[in-house]
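Worksheet: the structure to be examined is printed underneath.
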There are 2 protein chains.
Amino acid sequence: MALIVQKFGGTSVADAERIRNVARIITDTYAKGNDVVAVLSAQGDTTDDLIDRAAELNPNASKRELDMLLSTGEQISCSLCAMAIEAMGFPVVSLTGWQAGFYTNSGYGNARIKRVRGERIRAELDKRRIVIVTGFQGINKYDDITTLGRGGSDTSAVAIAASLNAGLCQIFTDVDGVYTADPRLVPTAHKLEEITYDEMLELATLGAQVLHNRSVEMAKRYNVNLEVLSSFSGKPGTKVKEVVKTMEKSHVSGVAKDKNIARLALVGLEDTPGIAFQVFSLLAKNNVNVDIILQSIGRSDTKDISFTVAKGDMELARNLLEESRDRIHFDRIDVSDNIAKVSIVGAGMINNPGVAAEMFEALFDAGINISMISTSEIKVSVLVHISDADQAVRVIHDKFYDEFNGRQ
Amino acid sequence: MALIVQKFGGTSVADAERIRNVARIITDTYAKGNDVVAVLSAQGDTTDDLIDRAAELNPNASKRELDMLLSTGEQISCSLCAMAIEAMGFPVVSLTGWQAGFYTNSGYGNARIKRVRGERIRAELDKRRIVIVTGFQGINKYDDITTLGRGGSDTSAVAIAASLNAGLCQIFTDVDGVYTADPRLVPTAHKLEEITYDEMLELATLGAQVLHNRSVEMAKRYNVNLEVLSSFSGKPGTKVKEVVKTMEKSHVSGVAKDKNIARLALVGLEDTPGIAFQVFSLLAKNNVNVDIILQSIGRSDTKDISFTVAKGDMELARNLLEESRDRIHFDRIDVSDNIAKVSIVGAGMINNPGVAAEMFEALFDAGINISMISTSEIKVSVLVHISDADQAVRVIHDKFYDEFNGRQ
């Protein structure tokens with residue numbers, strides 16, 4: 001008898017019929033002799049609706065009160081799902097974040113889980129009850145309700161799996177698993193049977209939007225076996241684990257794109273020691289996350305530094321740098337948000353130096369200009385014009401899956 | 001500087017505009033230098049909507065899960081109201097039942113408050129914050145969420161006022177206060193300035209539907225000064241207290257009617273000692289509340305017992321008695337739900353023996369037949385045919401306010 005944690009996202013519990021479907025998946029797993037803890041998101045658009053209602057009363061509402069409001073969404077979906085399971089004749093109990101022992105820091109709206117005190121969940125499992133737990137939420141040391149931010153329910157599920165030593169954590173979503181590229185964009189994209197934590201992390205960060213990257217980081221740290229699968233199809237999904245069977249591995253696991261980025265370039269930056277530290281500590285202090293950084297030599301005594309940030313941070317980053325011109329001397333800032341990042345990810349890449357060159361060749365053949373390049377051990381990212389992004393994904397995918405590897 | 005508890009019902013917080021109105025009432029009270037704790041119900045039809053959604057998944061959902069579901073309604077209204085108050089620039093915090101320290105027994109769906117641990121509320125008031133508390137809910141010793149049943153928010157407000165020794169507990173509703181009769185039914189009905197707890201209790205029990213009777217009982221026990229007033233009109237309401245100024249008192253404070261009753265008559269009941277005890281303990285054990293009881297002598301060795309119950313309990317009471325015919329012997333049970341109870345209430349009645357006779361005269365003059373009579377120190381109730389109920393209220397009100405006392 002194994003303990004299985006199952007997480008269901010908002011689409012999977014959007015209405016009564018879908019809640020019944022989720023209840024069936026849960027009770028089928030339980031009926032096979034497993035202990036089951038299910039973690040649920042709020043139904044469909046509930047969270048967005050609540051945010052709209054808050055904005056009507058106060059566009060600058062405190063995050064403390066917003067969390068108080070938003071946490072009701074999962075409480076509703078969880079109690080409704082418990083009722084559906086009751087109707088099928090199974091023993092069940094639903095628990096809120098605080099009842100389930102989710103303790104977080106006080107970062108309202110984007111809190112971090114500090115620990116999961118699993119006593120209550122364990123006690124309910126010992127009574128052979130199915131346990132339904134609200135995702136996305138916890139309480140801080142003041143007994144105030146916190147939420148984990150977008151995608152936080154994945155993290156809730158992994159945290160429970162880690163704290164209770166679950167054999168498997170299944171993330172049910174509206175896609176079949178992790179694909180080599182977005183299937184809506186690349187018809188020949190196919191589902192991966194397995195993928196490593198590191199590859200999944202790069203894909204999550206790169207905008208593949210299948211799993212929340214915090215949840216993957218946590219799964220890697222606590223070695224929680226994940227499976228991403230569809231709550232609708234009933235098919236096996238993609239397993240995410242530390243090491244995968246190399247026989248099946250291509251050099252490249254997936255191609256991802258991210259259109260939500262902007263590039264800033266500091267041109268004619270004074271070439272003094274510590275200047276890069278000054279630029280990026282200023283941004284870090286103001287919570288601007290910087291992704292790709294490129295430094296190049298400019299005229300004689302100056303250099304240029306380019307970097308990318310999330311699109312929503314572009315103006316903030318520009319203003320911060322403009323305001324500190326008395327300390328950080330440069331000629332000008334160029335900014336652009338007409339760009340996208342396209343990346344290939346694969347654990348096998350490190351032993352295959354030709355992979356990056358193949359990617360660039362595919363883009364060259366398609367006439368797509370590359371404006372920045374960044375590489376790590378398991379990925380290669382390029383910046384291209386935003387209008388080229390979709391085609392870039394397609395030609396790169398074709399290169400690796402149709403020509404290079406001869407795979408479908 | 002006084003501590004004032006203000007309770008707002010579902011109609012008062014039904015939409016964004018009304019929440020802003022409630023926020024203004026609260027902040028006006030705070031701006032005058034008072035400490036304010038506001039207790040809110042769920043918005044408008046939220047509770048009924050949630051019940052409908054539950055019924056769609058499970059018509060027999062456990063009360064434990066229903067309470068988990070329903071308690072979200074107040075959490076939403078309270079956090080939204082807190083945001084509206086933030087937008088007006090006042091310091092505020094919203095608290096759920098468990099955060100505010102509401103401990104109840106485990107009677108899911110109709111829990112009783114055992115104690116209110118006021119530490120958190122007090123700590124917030126000490127920081128000069130307005131405190132918004134969810135009505136209607138608490139937690140039991142298992143840390144599970146409970147609700148207090150319909151009208152429970154009134155009780156929540158009085159419990160906070162009692163536990164924090166508040167100077168005043170204002171119950172804001174959609175009527176101006178307590179009237180001598182339902183103003184929609186009796187155009188000459190007028191608002192009472194003051195009323196005693198006992199009179200209010202009789203009126204609440206009798207179906208006046210202004211205040212939940214549990215809240216009035218609690219207010220009487222802890223001597224909490226209540227005021228019933230409108231959240232829309234801004235006018236003074238009706239004060240409910242232990243003793244009221246007798247100068248202003250009529251013999252009769254109000255006329256009420258209750259159509260939600262049914263009468264059962266056990267005809268030809270065996271006249272053995274303890275037979276009444278057997279009948280009513282059977283009903284009590286099955287949670288059937290009995291209101292008026294009348295016993296009369298029947299044929300030689302038998303008697304008849306008539307009593308009233310809530311309409312929804314009529315069939316249950318009949319079945320319980322039919323099933324126990326081997327122990328409780330009688331000829332037949334007559335039942336009727338075509339009846340209504342009309343009552344007059346007044347603390348001055350006890351010293352004015354003519355009051356009941358005046359009431360009967362008013363009904364006689366109008367040709368309304370009385371089928372049962374019941375009296376207490378401060379009330380007289382009669383059963384009439386349901387089609388006569390509204391007219392009965394009008395003619396009785398006219399009798400006491402237009403003729404007998406010469407008051408308007």
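Here, A, B, ... name the chains of the structure tokens in the order displayed, residue numbers run from 1 inside each chain, and ligands are numbered from 1 in the same displayed order.
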I want to know what sits within 12 Å of range 274-289 of chain B, based on only C-alpha atoms, with residues of the same chain fewer than 5 positions away left out; could you give that as a ChimeraX atom specification?
/B:261-262,264-266,269,294-296,302-325,327-330
The selected residues should be written to file as a short mmCIF file (atom, residue, chain, number, x, y, z; two decimals), in the first residue's frame (atoms: N, CA, C and O atoms).
data_model
loop_
_atom_site.label_atom_id
_atom_site.label_comp_id
_atom_site.auth_asym_id
_atom_site.auth_seq_id
_atom_site.Cartn_x
_atom_site.Cartn_y
_atom_site.Cartn_z
N ILE B 261 -46.02 26.93 11.41
CA ILE B 261 -46.31 25.98 12.48
C ILE B 261 -47.38 24.98 12.02
O ILE B 261 -48.07 25.20 11.03
N ALA B 262 -47.45 23.90 12.74
CA ALA B 262 -48.47 22.89 12.48
C ALA B 262 -48.98 22.41 13.83
O ALA B 262 -48.27 22.46 14.83
N LEU B 264 -50.75 19.25 16.05
CA LEU B 264 -51.09 17.83 16.14
C LEU B 264 -51.99 17.65 17.35
O LEU B 264 -51.77 18.27 18.39
N ALA B 265 -52.99 16.83 17.21
CA ALA B 265 -53.88 16.53 18.34
C ALA B 265 -53.94 15.03 18.53
O ALA B 265 -54.26 14.28 17.60
N LEU B 266 -53.57 14.56 19.72
CA LEU B 266 -53.72 13.15 20.08
C LEU B 266 -55.07 13.00 20.74
O LEU B 266 -55.31 13.50 21.84
N LEU B 269 -56.46 9.81 24.20
CA LEU B 269 -55.21 9.32 24.79
C LEU B 269 -55.51 8.66 26.13
O LEU B 269 -56.26 9.19 26.94
N LEU B 294 -51.67 22.03 24.86
CA LEU B 294 -52.97 22.14 25.54
C LEU B 294 -53.48 20.75 25.84
O LEU B 294 -53.43 19.87 24.99
N GLN B 295 -53.97 20.55 27.08
CA GLN B 295 -54.51 19.24 27.44
C GLN B 295 -55.96 19.43 27.87
O GLN B 295 -56.29 20.34 28.62
N SER B 296 -56.82 18.57 27.38
CA SER B 296 -58.23 18.67 27.76
C SER B 296 -58.75 17.28 28.10
O SER B 296 -58.21 16.27 27.66
N THR B 302 -60.19 8.85 29.09
CA THR B 302 -59.17 9.32 28.15
C THR B 302 -59.07 10.84 28.20
O THR B 302 -59.93 11.51 28.79
N LYS B 303 -58.02 11.37 27.57
CA LYS B 303 -57.90 12.81 27.43
C LYS B 303 -57.36 13.13 26.04
O LYS B 303 -56.89 12.23 25.32
N ASP B 304 -57.42 14.39 25.64
CA ASP B 304 -56.86 14.84 24.36
C ASP B 304 -55.69 15.78 24.65
O ASP B 304 -55.76 16.61 25.55
N ILE B 305 -54.60 15.63 23.90
CA ILE B 305 -53.48 16.57 24.00
C ILE B 305 -53.21 17.15 22.62
O ILE B 305 -53.06 16.41 21.64
N SER B 306 -53.21 18.50 22.55
CA SER B 306 -52.85 19.16 21.29
C SER B 306 -51.55 19.91 21.50
O SER B 306 -51.28 20.42 22.59
N PHE B 307 -50.76 20.00 20.45
CA PHE B 307 -49.52 20.77 20.56
C PHE B 307 -49.10 21.24 19.17
O PHE B 307 -49.56 20.72 18.15
N THR B 308 -48.25 22.24 19.16
CA THR B 308 -47.78 22.76 17.88
C THR B 308 -46.28 22.50 17.73
O THR B 308 -45.53 22.48 18.70
N VAL B 309 -45.89 22.30 16.48
CA VAL B 309 -44.47 22.12 16.13
C VAL B 309 -44.21 22.94 14.87
O VAL B 309 -45.14 23.45 14.24
N ALA B 310 -42.93 23.10 14.52
CA ALA B 310 -42.59 23.75 13.24
C ALA B 310 -43.16 22.91 12.11
O ALA B 310 -43.22 21.68 12.20
N LYS B 311 -43.59 23.57 11.05
CA LYS B 311 -44.24 22.88 9.94
C LYS B 311 -43.40 21.72 9.43
O LYS B 311 -43.91 20.63 9.16
N GLY B 312 -42.08 21.94 9.32
CA GLY B 312 -41.20 20.91 8.78
C GLY B 312 -41.09 19.68 9.66
O GLY B 312 -40.61 18.63 9.21
N ASP B 313 -41.50 19.78 10.92
CA ASP B 313 -41.41 18.64 11.84
C ASP B 313 -42.74 17.86 11.93
O ASP B 313 -42.81 16.85 12.64
N MET B 314 -43.79 18.33 11.25
CA MET B 314 -45.11 17.74 11.43
C MET B 314 -45.14 16.25 11.11
O MET B 314 -45.58 15.43 11.92
N GLU B 315 -44.62 15.87 9.94
CA GLU B 315 -44.68 14.46 9.54
C GLU B 315 -43.82 13.59 10.45
O GLU B 315 -44.19 12.48 10.82
N LEU B 316 -42.65 14.13 10.83
CA LEU B 316 -41.76 13.39 11.71
C LEU B 316 -42.46 13.11 13.04
O LEU B 316 -42.46 11.98 13.55
N ALA B 317 -43.13 14.15 13.60
CA ALA B 317 -43.82 13.98 14.88
C ALA B 317 -44.94 12.95 14.76
O ALA B 317 -45.10 12.07 15.61
N ARG B 318 -45.70 13.04 13.66
CA ARG B 318 -46.79 12.08 13.47
C ARG B 318 -46.23 10.65 13.38
O ARG B 318 -46.72 9.73 14.04
N ASN B 319 -45.18 10.46 12.58
CA ASN B 319 -44.63 9.12 12.42
C ASN B 319 -44.08 8.57 13.73
O ASN B 319 -44.26 7.39 14.06
N LEU B 320 -43.38 9.42 14.48
CA LEU B 320 -42.83 8.97 15.77
C LEU B 320 -43.94 8.46 16.68
O LEU B 320 -43.80 7.42 17.33
N LEU B 321 -45.05 9.20 16.71
CA LEU B 321 -46.15 8.81 17.60
C LEU B 321 -46.86 7.55 17.09
O LEU B 321 -47.18 6.64 17.86
N GLU B 322 -47.05 7.49 15.77
CA GLU B 322 -47.70 6.30 15.20
C GLU B 322 -46.88 5.04 15.50
O GLU B 322 -47.41 3.98 15.82
N GLU B 323 -45.54 5.19 15.37
CA GLU B 323 -44.67 4.03 15.57
C GLU B 323 -44.62 3.56 17.02
O GLU B 323 -44.16 2.46 17.29
N SER B 324 -45.05 4.44 17.94
CA SER B 324 -44.94 4.05 19.35
C SER B 324 -46.31 3.73 19.97
O SER B 324 -46.50 3.85 21.16
N ARG B 325 -47.23 3.35 19.09
CA ARG B 325 -48.59 3.05 19.58
C ARG B 325 -48.62 1.87 20.53
O ARG B 325 -49.59 1.67 21.27
N ARG B 327 -46.68 1.54 23.01
CA ARG B 327 -46.42 2.09 24.35
C ARG B 327 -47.37 3.23 24.69
O ARG B 327 -47.81 3.39 25.81
N ILE B 328 -47.69 4.06 23.68
CA ILE B 328 -48.56 5.22 23.89
C ILE B 328 -49.88 4.94 23.19
O ILE B 328 -49.94 4.91 21.95
N HIS B 329 -50.94 4.71 23.97
CA HIS B 329 -52.23 4.31 23.38
C HIS B 329 -53.13 5.52 23.16
O HIS B 329 -53.34 6.31 24.07
N PHE B 330 -53.66 5.64 21.95
CA PHE B 330 -54.60 6.72 21.64
C PHE B 330 -55.47 6.29 20.48
O PHE B 330 -55.16 5.31 19.77
#
Select all residues from chain B having any atom no more than 10 Å from an atom of chain A (counting only C-alpha atoms, ignoring ligands), output as an MDAnalysis selection string.
chainID B and resid 15:17 19:20 50 53:88 92:96 98:99 120 142:145
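All residues of protein, DNA or RNA that reach within 8 Å of Val393 in chain B, judged by only C-alpha atoms and not counting those fewer than 4 positions away in the chain, are Ala181, Leu185, Val186, Val255, Ala256, Lys257, Val342, Ala389 and His397 of chain B.
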Quick one: residues within 7 Å of Lys114 in chain A, only C-alpha atoms counted, chain neighbours fewer than 3 positions away excluded, as a tab-separated table (two decimals) with all heavy atoms, in the first residue's frame?
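Okay, this is what ended up in around_26.tsv:
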chain	number	residue	atom	x	y	z
A	103	TYR	N	2.83	25.73	7.20
A	103	TYR	CA	3.39	26.96	7.75
A	103	TYR	C	4.30	27.61	6.73
A	103	TYR	O	5.15	26.96	6.12
A	103	TYR	CB	4.15	26.66	9.06
A	103	TYR	CG	3.19	26.32	10.16
A	103	TYR	CD1	2.71	25.02	10.33
A	103	TYR	CD2	2.70	27.32	11.00
A	103	TYR	CE1	1.80	24.71	11.32
A	103	TYR	CE2	1.78	27.02	12.00
A	103	TYR	CZ	1.33	25.71	12.15
A	103	TYR	OH	0.41	25.43	13.12
A	104	THR	N	4.09	28.91	6.54
A	104	THR	CA	4.86	29.65	5.53
A	104	THR	C	5.52	30.86	6.19
A	104	THR	O	5.23	31.18	7.34
A	104	THR	CB	3.94	30.17	4.41
A	104	THR	OG1	3.16	31.26	4.92
A	104	THR	CG2	3.00	29.09	3.90
A	105	ASN	N	6.36	31.53	5.44
A	105	ASN	CA	6.84	32.84	5.90
A	105	ASN	C	5.71	33.86	5.68
A	105	ASN	O	4.61	33.49	5.30
A	105	ASN	CB	8.14	33.23	5.19
A	105	ASN	CG	7.91	33.50	3.71
A	105	ASN	OD1	6.78	33.55	3.22
A	105	ASN	ND2	9.00	33.68	2.99
List every residue of range 156-366 of chain B that DSSP, applied to the backbone of this structure, assigns to strand (DSSP E), and report them as a PyMOL selection string.
chain B and resi 168-173+194-196+226-230+238-241+254-258+261-270+290-297+302-310+332-336+339-345
Create the file for the chosen residues now, containing C-alpha atoms and written as a tab-separated table (two decimals), in the first residue's frame.
chain	number	residue	atom	x	y	z
B	168	LEU	CA	-22.94	48.64	22.80
B	169	CYS	CA	-23.75	45.98	20.22
B	170	GLN	CA	-25.46	47.41	17.14
B	171	ILE	CA	-27.30	45.00	14.86
B	172	PHE	CA	-27.59	46.65	11.44
B	173	THR	CA	-30.28	45.20	9.24
B	194	GLU	CA	-36.88	50.64	23.53
B	195	ILE	CA	-37.87	47.08	24.35
B	196	THR	CA	-36.82	44.62	27.07
B	226	LEU	CA	-28.31	45.91	21.88
B	227	GLU	CA	-29.54	48.31	19.25
B	228	VAL	CA	-31.39	47.19	16.13
B	229	LEU	CA	-31.10	49.72	13.31
B	230	SER	CA	-30.96	50.12	9.55
B	238	THR	CA	-34.66	50.25	18.77
B	239	LYS	CA	-32.66	49.67	21.96
B	240	VAL	CA	-32.94	46.27	23.61
B	241	LYS	CA	-32.03	46.23	27.32
B	254	GLY	CA	-45.80	44.33	19.59
B	255	VAL	CA	-48.01	42.02	17.58
B	256	ALA	CA	-46.38	39.13	15.75
B	257	LYS	CA	-47.44	36.24	13.62
B	258	ASP	CA	-45.86	32.89	12.75
B	261	ILE	CA	-46.31	25.98	12.48
B	262	ALA	CA	-48.47	22.89	12.48
B	263	ARG	CA	-50.83	21.47	15.10
B	264	LEU	CA	-51.09	17.83	16.14
B	265	ALA	CA	-53.88	16.53	18.34
B	266	LEU	CA	-53.72	13.15	20.08
B	267	VAL	CA	-57.36	12.22	20.53
B	268	GLY	CA	-58.52	9.60	23.02
B	269	LEU	CA	-55.21	9.32	24.79
B	270	GLU	CA	-55.13	6.74	27.60
B	290	VAL	CA	-42.82	21.62	20.78
B	291	ASP	CA	-44.30	25.07	21.31
B	292	ILE	CA	-47.87	25.42	22.63
B	293	ILE	CA	-49.30	22.45	24.57
B	294	LEU	CA	-52.97	22.14	25.54
B	295	GLN	CA	-54.51	19.24	27.44
B	296	SER	CA	-58.23	18.67	27.76
B	297	ILE	CA	-60.43	15.97	29.27
B	302	THR	CA	-59.17	9.32	28.15
B	303	LYS	CA	-57.90	12.81	27.43
B	304	ASP	CA	-56.86	14.84	24.36
B	305	ILE	CA	-53.48	16.57	24.00
B	306	SER	CA	-52.85	19.16	21.29
B	307	PHE	CA	-49.52	20.77	20.56
B	308	THR	CA	-47.78	22.76	17.88
B	309	VAL	CA	-44.47	22.12	16.13
B	310	ALA	CA	-42.59	23.75	13.24
B	332	ARG	CA	-56.13	8.86	16.44
B	333	ILE	CA	-53.88	11.77	15.53
B	334	ASP	CA	-55.36	14.84	13.86
B	335	VAL	CA	-52.85	17.10	12.12
B	336	SER	CA	-53.25	20.51	10.52
B	339	ILE	CA	-52.90	27.45	11.02
B	340	ALA	CA	-50.92	30.45	12.18
B	341	LYS	CA	-49.96	31.77	15.57
B	342	VAL	CA	-50.70	35.42	16.34
B	343	SER	CA	-49.27	36.87	19.54
B	344	ILE	CA	-49.12	40.05	21.55
B	345	VAL	CA	-46.07	40.73	23.69
